[in-house]
Amino acid sequence: MLVAVICLAGLGAVFGVILGVAAKKFAVEVDPRVEELIKAMPGANCGSCGHPGCAGFAEALVEQTASPNACAPGGASLYEKIAAILGTEVSGYQERQVAQILCQGGVGHSRLLFRYQGIRDCHAALSSFKGQKACNFGCVMQGSCSRACPFGAIQMGADGLPVVDYYLCTGCNRCVVECPQQILKLVGVSHLVNVRCVNTDKGKEAKGNCSVACIKCRICEKNCPEDAVHVVAAGEGSVALIDYEKCTNCGICAAKCPTRAIDKIPPLSEEVVIEAGETPAAGCPSCRACGAA
Amino acid sequence: MQEYFIIIVSAILINNIVLSQFLGICPFLGVSKKLSASLGMGGAVSFVLVLSGALTWLVQTYLLAPYDIGYLQTLAFILIIASLVQFVEMVLRKYSPPLYKALGIYLPLITTNCAVLGVAIINIQKEYTLGKVLVHSLSHAAGFTLALLLMSGIRERLEDADIPESMQGTPIALVTAALMSMAFLGFSGLI
């Protein structure tokens with residue numbers, strides 16, 4: 001009994017001492033500002049800043065290899081906090097951006113050539129006869145953007161098109177990268193009028209494939225008081241495009257557009273609602289920005 | 001020489017620590033979603049397994065056996081493994097931050113990996129010498145890594161498969177694990 005107690009206590013003491021010495025000897029100095037910055041971050045680990053999670057961004061900030069502007073979810077309030085912690089000037093903050101979907105050709109609007117029943121992935125769907133829709137430019141309706149969104153801001157609507165919740169969208173750019181058709185675009189919250197069609201086919205062909213396509217009629221161009229919208233050459237044809245620098249959100253083009261390809265959304269708030277993603281028990285959270293985990 | 005060969009083949013294929021002895025199931029299911037992560041986990045476990053195998057053997061031979069307190073084996077071994085993992089973590093953090101980052105939470109989790117304790121106890125039960133203990137631990141580590149890699153390879157493909165909703169996620173992973181385990185039964189007649 002006594003031997004057992006002594007042995008085990010001795011073993012514990014030896015390991016305790018070894019660990020204690022090792023902790024001193026192998027101590028790694030951590031900049032206290034890193035901890036402060038991590039606390040200030042949204043904690044969603046979305047990877048939109050280009051660093052592996054919020055902790056990676058915090059370290060890069062302290063090493064001054066990252067711009068304090070890079071965190072899309074944090075927005076202006078985080079920008080000020082970072083500036084306060086790092087002791088830098090507050091300047092050059094950009095407005096919040098949200099993802100806009102530049103296609104309205106859902107079920108009922110867009111003509112289908114066949115029914116796609118393969119893997120639920122836009123890239124896969126596109127590889128079979130360029131997708132099920134007659135229009136080769138628009139949304140493929142398999143929801144890859146929705147699954148890529150770390151904030152649950154994109155839901156697939158009843159018409160098969162993704163719907164962005166502008167309050168949840170942080171402008172992290174993940175859906176933009178994911179979309180094989182490149183119909184998702186980050187637009188500043190102050191811009192409310194968007195051309196929601198990227199079809200560069202001629203008017204008749206575009207209209208035949210989809211009832212809400214841009215038909216290049218130039219009515220928007222003629223009616224715009226600010227000279228902000230033009231039908232510009234794109235790909236092998238042309239499509240209407242808004243110059244956000246000039247647009248004043250008057251909405252005349254949206255009202256005049258015969259196919260309703262241009263629309264105006266209600267004003268958006270600067271604030272974003274962030275819910276940190278569920279962190280898996282093992283390793284890095286949702287983002288995969290670092291390529292591991 | 002032949003003895004060592006038998007130990008290696010038996011540890012990797014016949015008595016595979018995960019698929020035949022059902023030890024270390026937690027990381028097997030938890031960290032097998034991506035190939036790269038499972039490789040990292042396999043590496044970390046291998047490292048700890050070999051070191052703890054040697055250390056527990058030394059403690060058993062020179063401390064527990066001479067004083068006839070073998071009943072403290074489990075307690076002492078867990079103490080050794082936990083301390084070792086802590087120590088490895090500190091050293092890695094100091095000298096190899098990239099590896100430390102890559103292993104992440106897996107490293108401290110190895111403390112509770114029953115494969116590590118299991119192998120340490122098997123080492124003692126089979127009355128191996130130190131050389132055999134090292135080979136045996138290394139082979140089991142290789143077996144663990146192999147099982148993890150196979151599983152993650154299958155699960156990466158399962159991601160794209162059309163699985164009924166009620167079977168998605170853990171259920172299909174468990175079914176897969178069971179089938180793999182049955183497949184490894186085929187090795188039992190090898191030696």
# chains A, B, ... in the order shown; residues from 1 in each chain; ligands from 1

call {"tool": "residues_around", "arguments": {"residues": "Gln73 in chain B", "least_positions_apart": "2", "cutoff": "10 Å", "atoms": "only C-alpha atoms", "output": "JSON, numbers by chain"}}
result
{"B": [56, 59, 60, 64, 65, 69, 70, 71, 75, 76, 77, 78, 79, 120, 121, 124]}

call {"tool": "write_last_selection", "arguments": {"atoms": "N, CA and C atoms", "output": "PDB file, in the first residue's frame"}}
result
ATOM      1  N   THR B  56       5.906   3.681 -21.329  1.00  0.00           N
ATOM      2  CA  THR B  56       5.109   2.837 -20.437  1.00  0.00           C
ATOM      3  C   THR B  56       5.812   1.504 -20.187  1.00  0.00           C
ATOM      4  N   VAL B  59       8.423   2.137 -17.536  1.00  0.00           N
ATOM      5  CA  VAL B  59       7.837   2.286 -16.207  1.00  0.00           C
ATOM      6  C   VAL B  59       7.357   0.938 -15.675  1.00  0.00           C
ATOM      7  N   GLN B  60       6.714   0.157 -16.557  1.00  0.00           N
ATOM      8  CA  GLN B  60       6.220  -1.155 -16.152  1.00  0.00           C
ATOM      9  C   GLN B  60       7.378  -2.055 -15.706  1.00  0.00           C
ATOM     10  N   LEU B  64       6.788  -0.701 -11.885  1.00  0.00           N
ATOM     11  CA  LEU B  64       5.587  -1.421 -11.459  1.00  0.00           C
ATOM     12  C   LEU B  64       5.891  -2.895 -11.177  1.00  0.00           C
ATOM     13  N   ALA B  65       6.629  -3.552 -12.067  1.00  0.00           N
ATOM     14  CA  ALA B  65       6.897  -4.978 -11.894  1.00  0.00           C
ATOM     15  C   ALA B  65       7.777  -5.268 -10.662  1.00  0.00           C
ATOM     16  N   ILE B  69       3.322  -3.806  -8.090  1.00  0.00           N
ATOM     17  CA  ILE B  69       2.111  -2.985  -8.012  1.00  0.00           C
ATOM     18  C   ILE B  69       1.485  -2.858  -9.403  1.00  0.00           C
ATOM     19  N   GLY B  70       1.387  -4.004 -10.077  1.00  0.00           N
ATOM     20  CA  GLY B  70       0.842  -4.034 -11.438  1.00  0.00           C
ATOM     21  C   GLY B  70      -0.585  -3.515 -11.526  1.00  0.00           C
ATOM     22  N   TYR B  71      -1.301  -3.575 -10.386  1.00  0.00           N
ATOM     23  CA  TYR B  71      -2.702  -3.123 -10.432  1.00  0.00           C
ATOM     24  C   TYR B  71      -2.814  -1.617 -10.654  1.00  0.00           C
ATOM     25  N   LEU B  75      -3.728   3.443 -14.184  1.00  0.00           N
ATOM     26  CA  LEU B  75      -3.569   4.785 -13.623  1.00  0.00           C
ATOM     27  C   LEU B  75      -2.233   5.389 -14.058  1.00  0.00           C
ATOM     28  N   ALA B  76      -1.176   4.587 -13.886  1.00  0.00           N
ATOM     29  CA  ALA B  76       0.164   5.083 -14.204  1.00  0.00           C
ATOM     30  C   ALA B  76       0.291   5.383 -15.697  1.00  0.00           C
ATOM     31  N   PHE B  77      -0.269   4.487 -16.524  1.00  0.00           N
ATOM     32  CA  PHE B  77      -0.139   4.664 -17.972  1.00  0.00           C
ATOM     33  C   PHE B  77      -0.864   5.923 -18.434  1.00  0.00           C
ATOM     34  N   ILE B  78      -2.052   6.139 -17.886  1.00  0.00           N
ATOM     35  CA  ILE B  78      -2.803   7.333 -18.290  1.00  0.00           C
ATOM     36  C   ILE B  78      -2.041   8.591 -17.891  1.00  0.00           C
ATOM     37  N   LEU B  79      -1.438   8.536 -16.706  1.00  0.00           N
ATOM     38  CA  LEU B  79      -0.616   9.651 -16.239  1.00  0.00           C
ATOM     39  C   LEU B  79       0.524   9.915 -17.222  1.00  0.00           C
ATOM     40  N   ALA B 120      -0.377   0.305 -25.367  1.00  0.00           N
ATOM     41  CA  ALA B 120       0.566   0.242 -24.246  1.00  0.00           C
ATOM     42  C   ALA B 120       0.301  -0.997 -23.393  1.00  0.00           C
ATOM     43  N   ILE B 121      -0.973  -1.294 -23.166  1.00  0.00           N
ATOM     44  CA  ILE B 121      -1.312  -2.451 -22.326  1.00  0.00           C
ATOM     45  C   ILE B 121      -1.040  -3.765 -23.063  1.00  0.00           C
ATOM     46  N   ILE B 124       2.518  -4.827 -22.822  1.00  0.00           N
ATOM     47  CA  ILE B 124       2.894  -5.463 -21.570  1.00  0.00           C
ATOM     48  C   ILE B 124       2.364  -6.887 -21.510  1.00  0.00           C
TER      49      ILE B 124
END

call {"tool": "interface_residues", "arguments": {"of": "chain B", "to": "chain A", "cutoff": "6 Å", "atoms": "only C-alpha atoms", "output": "PDB file with all heavy atoms, in the first residue's frame"}}
result
ATOM      1  N   ALA B  37      -6.923  16.049 -43.107  1.00  0.00           N
ATOM      2  CA  ALA B  37      -7.039  16.079 -41.653  1.00  0.00           C
ATOM      3  C   ALA B  37      -6.734  14.718 -41.049  1.00  0.00           C
ATOM      4  O   ALA B  37      -6.075  14.612 -40.008  1.00  0.00           O
ATOM      5  CB  ALA B  37      -8.442  16.517 -41.253  1.00  0.00           C
ATOM      6  N   LYS B  94       6.777  25.331 -29.542  1.00  0.00           N
ATOM      7  CA  LYS B  94       7.975  26.167 -29.515  1.00  0.00           C
ATOM      8  C   LYS B  94       8.785  26.021 -30.804  1.00  0.00           C
ATOM      9  O   LYS B  94       9.189  27.005 -31.399  1.00  0.00           O
ATOM     10  CB  LYS B  94       8.839  25.754 -28.312  1.00  0.00           C
ATOM     11  CG  LYS B  94      10.164  26.481 -28.215  1.00  0.00           C
ATOM     12  CD  LYS B  94       9.997  27.825 -27.562  1.00  0.00           C
ATOM     13  CE  LYS B  94      11.336  28.521 -27.390  1.00  0.00           C
ATOM     14  NZ  LYS B  94      11.150  29.875 -26.875  1.00  0.00           N
ATOM     15  N   GLY B 104      -3.551  21.213 -34.563  1.00  0.00           N
ATOM     16  CA  GLY B 104      -4.633  21.895 -33.862  1.00  0.00           C
ATOM     17  C   GLY B 104      -5.110  21.154 -32.634  1.00  0.00           C
ATOM     18  O   GLY B 104      -4.328  20.683 -31.814  1.00  0.00           O
ATOM     19  N   ILE B 105      -6.423  20.980 -32.551  1.00  0.00           N
ATOM     20  CA  ILE B 105      -7.029  20.384 -31.359  1.00  0.00           C
ATOM     21  C   ILE B 105      -6.760  18.883 -31.291  1.00  0.00           C
ATOM     22  O   ILE B 105      -6.881  18.266 -30.241  1.00  0.00           O
ATOM     23  CB  ILE B 105      -8.540  20.672 -31.358  1.00  0.00           C
ATOM     24  CG1 ILE B 105      -9.217  20.243 -30.056  1.00  0.00           C
ATOM     25  CG2 ILE B 105      -9.219  19.993 -32.510  1.00  0.00           C
ATOM     26  CD1 ILE B 105      -9.427  21.385 -29.116  1.00  0.00           C
TER      27      ILE B 105
END

call {"tool": "residues_around", "arguments": {"residues": "range 175-187 of chain B", "least_positions_apart": "4", "cutoff": "7 Å", "atoms": "only C-alpha atoms", "output": "PDB file with all heavy atoms, in the first residue's frame"}}
result
ATOM      1  N   LEU B  13      -2.685  -5.390 -40.315  1.00  0.00           N
ATOM      2  CA  LEU B  13      -3.824  -5.943 -41.040  1.00  0.00           C
ATOM      3  C   LEU B  13      -4.732  -6.820 -40.179  1.00  0.00           C
ATOM      4  O   LEU B  13      -5.940  -6.605 -40.123  1.00  0.00           O
ATOM      5  CB  LEU B  13      -3.326  -6.770 -42.237  1.00  0.00           C
ATOM      6  CG  LEU B  13      -2.584  -5.971 -43.317  1.00  0.00           C
ATOM      7  CD1 LEU B  13      -2.079  -6.895 -44.397  1.00  0.00           C
ATOM      8  CD2 LEU B  13      -3.493  -4.905 -43.906  1.00  0.00           C
ATOM      9  N   ILE B  14      -4.146  -7.797 -39.492  1.00  0.00           N
ATOM     10  CA  ILE B  14      -4.992  -8.796 -38.839  1.00  0.00           C
ATOM     11  C   ILE B  14      -5.643  -8.255 -37.576  1.00  0.00           C
ATOM     12  O   ILE B  14      -6.851  -8.355 -37.384  1.00  0.00           O
ATOM     13  CB  ILE B  14      -4.169 -10.063 -38.529  1.00  0.00           C
ATOM     14  CG1 ILE B  14      -3.598 -10.619 -39.837  1.00  0.00           C
ATOM     15  CG2 ILE B  14      -5.050 -11.115 -37.852  1.00  0.00           C
ATOM     16  CD1 ILE B  14      -2.491 -11.599 -39.650  1.00  0.00           C
ATOM     17  N   LEU B  19     -10.180  -1.438 -36.752  1.00  0.00           N
ATOM     18  CA  LEU B  19     -11.191  -2.245 -37.423  1.00  0.00           C
ATOM     19  C   LEU B  19     -11.343  -3.647 -36.837  1.00  0.00           C
ATOM     20  O   LEU B  19     -12.356  -4.298 -37.054  1.00  0.00           O
ATOM     21  CB  LEU B  19     -10.857  -2.336 -38.912  1.00  0.00           C
ATOM     22  CG  LEU B  19     -10.902  -0.970 -39.612  1.00  0.00           C
ATOM     23  CD1 LEU B  19     -10.310  -1.046 -40.997  1.00  0.00           C
ATOM     24  CD2 LEU B  19     -12.335  -0.452 -39.673  1.00  0.00           C
ATOM     25  N   SER B  20     -10.334  -4.118 -36.107  1.00  0.00           N
ATOM     26  CA  SER B  20     -10.484  -5.443 -35.507  1.00  0.00           C
ATOM     27  C   SER B  20     -10.599  -5.390 -33.994  1.00  0.00           C
ATOM     28  O   SER B  20     -11.241  -6.222 -33.384  1.00  0.00           O
ATOM     29  CB  SER B  20      -9.295  -6.328 -35.887  1.00  0.00           C
ATOM     30  OG  SER B  20      -9.220  -6.458 -37.279  1.00  0.00           O
ATOM     31  N   PRO B 171     -24.992   7.917 -39.592  1.00  0.00           N
ATOM     32  CA  PRO B 171     -25.462   6.554 -39.881  1.00  0.00           C
ATOM     33  C   PRO B 171     -24.692   5.885 -41.014  1.00  0.00           C
ATOM     34  O   PRO B 171     -24.214   4.757 -40.858  1.00  0.00           O
ATOM     35  CB  PRO B 171     -26.931   6.763 -40.253  1.00  0.00           C
ATOM     36  CG  PRO B 171     -27.318   8.015 -39.596  1.00  0.00           C
ATOM     37  CD  PRO B 171     -26.094   8.879 -39.534  1.00  0.00           C
TER      38      PRO B 171
END

call {"tool": "residues_around", "arguments": {"residues": "Cys122 in chain A", "least_positions_apart": "6", "cutoff": "8 Å", "atoms": "only C-alpha atoms", "output": "list in words"}}
result
Val140, Met141, Gln142, Gly143, Ser144, Cys179 and Pro180 of chain A

call {"tool": "write_last_selection", "arguments": {"atoms": "all heavy atoms", "output": "PDB file, in the first residue's frame"}}
result
ATOM      1  N   VAL A 140     -28.001  28.143 -62.279  1.00  0.00           N
ATOM      2  CA  VAL A 140     -28.220  26.727 -62.576  1.00  0.00           C
ATOM      3  C   VAL A 140     -29.141  26.080 -61.544  1.00  0.00           C
ATOM      4  O   VAL A 140     -29.513  24.926 -61.672  1.00  0.00           O
ATOM      5  CB  VAL A 140     -26.887  25.954 -62.620  1.00  0.00           C
ATOM      6  CG1 VAL A 140     -26.922  24.935 -63.725  1.00  0.00           C
ATOM      7  CG2 VAL A 140     -25.707  26.859 -62.810  1.00  0.00           C
ATOM      8  N   MET A 141     -29.450  26.803 -60.477  1.00  0.00           N
ATOM      9  CA  MET A 141     -30.464  26.414 -59.498  1.00  0.00           C
ATOM     10  C   MET A 141     -30.143  25.151 -58.699  1.00  0.00           C
ATOM     11  O   MET A 141     -31.047  24.450 -58.260  1.00  0.00           O
ATOM     12  CB  MET A 141     -31.826  26.238 -60.182  1.00  0.00           C
ATOM     13  CG  MET A 141     -32.222  27.441 -61.016  1.00  0.00           C
ATOM     14  SD  MET A 141     -33.952  27.513 -61.406  1.00  0.00           S
ATOM     15  CE  MET A 141     -34.115  26.191 -62.572  1.00  0.00           C
ATOM     16  N   GLN A 142     -28.865  24.834 -58.497  1.00  0.00           N
ATOM     17  CA  GLN A 142     -28.529  23.663 -57.684  1.00  0.00           C
ATOM     18  C   GLN A 142     -28.054  24.059 -56.286  1.00  0.00           C
ATOM     19  O   GLN A 142     -27.703  23.197 -55.473  1.00  0.00           O
ATOM     20  CB  GLN A 142     -27.476  22.803 -58.381  1.00  0.00           C
ATOM     21  CG  GLN A 142     -27.912  22.267 -59.733  1.00  0.00           C
ATOM     22  CD  GLN A 142     -29.167  21.429 -59.651  1.00  0.00           C
ATOM     23  OE1 GLN A 142     -29.319  20.627 -58.747  1.00  0.00           O
ATOM     24  NE2 GLN A 142     -30.093  21.639 -60.581  1.00  0.00           N
ATOM     25  N   GLY A 143     -27.981  25.348 -56.008  1.00  0.00           N
ATOM     26  CA  GLY A 143     -27.749  25.795 -54.629  1.00  0.00           C
ATOM     27  C   GLY A 143     -26.331  25.681 -54.107  1.00  0.00           C
ATOM     28  O   GLY A 143     -26.134  25.603 -52.902  1.00  0.00           O
ATOM     29  N   SER A 144     -25.328  25.693 -54.983  1.00  0.00           N
ATOM     30  CA  SER A 144     -23.947  25.637 -54.487  1.00  0.00           C
ATOM     31  C   SER A 144     -23.615  26.857 -53.642  1.00  0.00           C
ATOM     32  O   SER A 144     -22.892  26.767 -52.655  1.00  0.00           O
ATOM     33  CB  SER A 144     -22.970  25.539 -55.659  1.00  0.00           C
ATOM     34  OG  SER A 144     -22.969  24.240 -56.182  1.00  0.00           O
ATOM     35  N   CYS A 179     -19.888  30.336 -57.319  1.00  0.00           N
ATOM     36  CA  CYS A 179     -20.837  30.309 -58.449  1.00  0.00           C
ATOM     37  C   CYS A 179     -20.122  30.116 -59.780  1.00  0.00           C
ATOM     38  O   CYS A 179     -19.301  30.931 -60.182  1.00  0.00           O
ATOM     39  CB  CYS A 179     -21.635  31.604 -58.491  1.00  0.00           C
ATOM     40  SG  CYS A 179     -22.810  31.628 -59.860  1.00  0.00           S
ATOM     41  N   PRO A 180     -20.432  29.017 -60.503  1.00  0.00           N
ATOM     42  CA  PRO A 180     -19.750  28.761 -61.771  1.00  0.00           C
ATOM     43  C   PRO A 180     -20.204  29.723 -62.876  1.00  0.00           C
ATOM     44  O   PRO A 180     -19.522  29.895 -63.861  1.00  0.00           O
ATOM     45  CB  PRO A 180     -20.139  27.316 -62.093  1.00  0.00           C
ATOM     46  CG  PRO A 180     -21.426  27.100 -61.384  1.00  0.00           C
ATOM     47  CD  PRO A 180     -21.399  27.965 -60.159  1.00  0.00           C
TER      48      PRO A 180
END

call {"tool": "atom_distance", "arguments": {"atom1": "CA of Ala115 in chain B", "atom2": "CA of Leu58 in chain B"}}
result
18.8 Å

call {"tool": "residues_around", "arguments": {"residues": "Asn223 in chain A", "least_positions_apart": "2", "cutoff": "7 Å", "atoms": "only C-alpha atoms", "output": "list in words"}}
result
Ile219, Cys220, Glu221, Pro225, Ile252 and Cys253 of chain A

call {"tool": "write_last_selection", "arguments": {"atoms": "N, CA, C and O atoms", "output": "CSV table (one decimal), in the first residue's frame"}}
result
chain,number,residue,atom,x,y,z
A,219,ILE,N,-34.0,51.0,-73.4
A,219,ILE,CA,-35.0,51.9,-72.8
A,219,ILE,C,-34.4,52.5,-71.5
A,219,ILE,O,-34.6,53.7,-71.2
A,220,CYS,N,-33.7,51.7,-70.8
A,220,CYS,CA,-33.1,52.1,-69.5
A,220,CYS,C,-32.1,53.3,-69.8
A,220,CYS,O,-32.1,54.3,-69.2
A,221,GLU,N,-31.3,53.0,-70.9
A,221,GLU,CA,-30.3,54.0,-71.3
A,221,GLU,C,-30.9,55.3,-71.6
A,221,GLU,O,-30.4,56.4,-71.2
A,225,PRO,N,-31.7,59.7,-66.1
A,225,PRO,CA,-31.3,61.1,-66.0
A,225,PRO,C,-29.8,61.3,-65.7
A,225,PRO,O,-29.3,62.4,-65.9
A,252,ILE,N,-35.8,54.9,-62.1
A,252,ILE,CA,-36.6,55.1,-63.3
A,252,ILE,C,-36.3,53.9,-64.3
A,252,ILE,O,-37.3,53.4,-64.9
A,253,CYS,N,-35.1,53.5,-64.4
A,253,CYS,CA,-34.8,52.4,-65.3
A,253,CYS,C,-35.6,51.1,-64.9
A,253,CYS,O,-36.1,50.4,-65.7

call {"tool": "residues_around", "arguments": {"residues": "Gly169 in chain B", "least_positions_apart": "5", "cutoff": "12 Å", "atoms": "only C-alpha atoms", "output": "list in words"}}
result
Leu29, Gly30, Ser32, Lys33, Arg155, Glu156, Leu158, Glu159, Ala161, Asp162, Ile163, Pro164, Leu174, Val175 and Thr176 of chain B

call {"tool": "closest_residue", "arguments": {"among": "B:Ala141, B:Ile6, B:Ile12, B:Leu146", "to": "Val45 in chain B", "atoms": "only C-alpha atoms"}}
result
B:Ala141

call {"tool": "residues_around", "arguments": {"residues": "Phe22 in chain B", "least_positions_apart": "5", "cutoff": "10 Å", "atoms": "only C-alpha atoms", "output": "list in words"}}
result
Asn15, Asn16, Ile17, Phe28, Cys114, Ala115 and Ser181 of chain B

call {"tool": "write_last_selection", "arguments": {"atoms": "N, CA and C atoms", "output": "short mmCIF file (atom, residue, chain, number, x, y, z; two decimals), in the first residue's frame"}}
result
data_model
loop_
_atom_site.label_atom_id
_atom_site.label_comp_id
_atom_site.auth_asym_id
_atom_site.auth_seq_id
_atom_site.Cartn_x
_atom_site.Cartn_y
_atom_site.Cartn_z
N ASN B 15 -4.82 -7.65 -36.72
CA ASN B 15 -5.38 -7.10 -35.49
C ASN B 15 -5.43 -5.58 -35.56
N ASN B 16 -5.86 -5.06 -36.70
CA ASN B 16 -5.92 -3.61 -36.87
C ASN B 16 -6.61 -2.96 -35.67
N ILE B 17 -5.93 -1.97 -35.11
CA ILE B 17 -6.37 -1.39 -33.83
C ILE B 17 -7.79 -0.86 -33.91
N PHE B 28 -11.48 7.99 -35.31
CA PHE B 28 -11.77 7.28 -36.55
C PHE B 28 -13.05 7.83 -37.19
N CYS B 114 -8.18 5.92 -26.80
CA CYS B 114 -7.96 4.66 -26.10
C CYS B 114 -7.04 3.75 -26.87
N ALA B 115 -6.78 4.05 -28.17
CA ALA B 115 -5.83 3.24 -28.93
C ALA B 115 -4.45 3.33 -28.29
N SER B 181 -14.79 -3.10 -41.38
CA SER B 181 -14.36 -4.02 -40.34
C SER B 181 -14.53 -5.46 -40.81
#

call {"tool": "select_by_dssp", "arguments": {"residues": "range 146-292 of chain A", "states": "strand (DSSP E)", "output": "list in words"}}
result
Ile154, Gln155, Met156, Pro162, Val163, Val164, Leu184, Lys185, Leu186, Val187, Gly188, Val193, Asn194, Val195, Val229, His230, Val231, Val232, Ala233, Ala234, Gly237, Ser238, Val239, Ala240, Leu241, Ile242, Ile262, Asp263 and Lys264 of chain A

call {"tool": "select_by_dssp", "arguments": {"residues": "range 54-280 of chain A", "states": "alpha helix (DSSP H)", "output": "ChimeraX atom specification"}}
result
/A:54-62,75-86,122-127,144-148,174-178,203-209,219-223,252-256

call {"tool": "atom_distance", "arguments": {"atom1": "CA of Ala58 in chain A", "atom2": "CA of Asn173 in chain A"}}
result
19.5 Å

call {"tool": "atom_distance", "arguments": {"atom1": "CA of Gly24 in chain B", "atom2": "CA of Gln2 in chain B"}}
result
28.1 Å

call {"tool": "decode", "arguments": {"residues": "range 128-142 of chain B", "atoms": "N, CA, C and O atoms", "output": "CSV table (one decimal), in the first residue's frame"}}
result
chain,number,residue,atom,x,y,z
B,128,TYR,N,6.6,-8.3,-24.5
B,128,TYR,CA,7.6,-7.9,-25.5
B,128,TYR,C,8.8,-7.3,-24.9
B,128,TYR,O,8.8,-6.8,-23.8
B,129,THR,N,9.9,-7.4,-25.7
B,129,THR,CA,11.1,-6.7,-25.3
B,129,THR,C,11.0,-5.2,-25.9
B,129,THR,O,10.1,-5.0,-26.6
B,130,LEU,N,11.9,-4.4,-25.5
B,130,LEU,CA,11.8,-3.0,-25.9
B,130,LEU,C,11.8,-2.8,-27.4
B,130,LEU,O,11.0,-2.0,-27.9
B,131,GLY,N,12.7,-3.6,-28.1
B,131,GLY,CA,12.7,-3.5,-29.5
B,131,GLY,C,11.4,-3.9,-30.1
B,131,GLY,O,10.9,-3.2,-31.0
B,132,LYS,N,10.8,-5.0,-29.6
B,132,LYS,CA,9.5,-5.4,-30.2
B,132,LYS,C,8.4,-4.4,-29.8
B,132,LYS,O,7.5,-4.2,-30.6
B,133,VAL,N,8.5,-3.8,-28.6
B,133,VAL,CA,7.5,-2.8,-28.3
B,133,VAL,C,7.5,-1.7,-29.3
B,133,VAL,O,6.5,-1.2,-29.7
B,134,LEU,N,8.7,-1.2,-29.6
B,134,LEU,CA,8.8,-0.1,-30.6
B,134,LEU,C,8.2,-0.5,-32.0
B,134,LEU,O,7.4,0.2,-32.5
B,135,VAL,N,8.6,-1.7,-32.4
B,135,VAL,CA,8.0,-2.2,-33.7
B,135,VAL,C,6.5,-2.3,-33.6
B,135,VAL,O,5.8,-1.9,-34.5
B,136,HIS,N,6.1,-2.9,-32.6
B,136,HIS,CA,4.6,-3.2,-32.4
B,136,HIS,C,3.8,-1.9,-32.3
B,136,HIS,O,2.8,-1.7,-33.0
B,137,SER,N,4.3,-0.9,-31.6
B,137,SER,CA,3.7,0.4,-31.5
B,137,SER,C,3.6,1.1,-32.8
B,137,SER,O,2.6,1.6,-33.2
B,138,LEU,N,4.8,1.0,-33.5
B,138,LEU,CA,4.8,1.7,-34.8
B,138,LEU,C,3.9,1.0,-35.8
B,138,LEU,O,3.2,1.7,-36.6
B,139,SER,N,3.8,-0.3,-35.8
B,139,SER,CA,2.9,-1.0,-36.7
B,139,SER,C,1.4,-0.7,-36.4
B,139,SER,O,0.6,-0.4,-37.3
B,140,HIS,N,1.1,-0.6,-35.1
B,140,HIS,CA,-0.3,-0.3,-34.8
B,140,HIS,C,-0.6,1.2,-35.2
B,140,HIS,O,-1.7,1.5,-35.6
B,141,ALA,N,0.4,2.0,-35.0
B,141,ALA,CA,0.2,3.4,-35.5
B,141,ALA,C,0.0,3.5,-37.0
B,141,ALA,O,-0.9,4.2,-37.5
B,142,ALA,N,0.7,2.6,-37.7
B,142,ALA,CA,0.5,2.6,-39.2
B,142,ALA,C,-0.9,2.0,-39.5
B,142,ALA,O,-1.5,2.5,-40.4
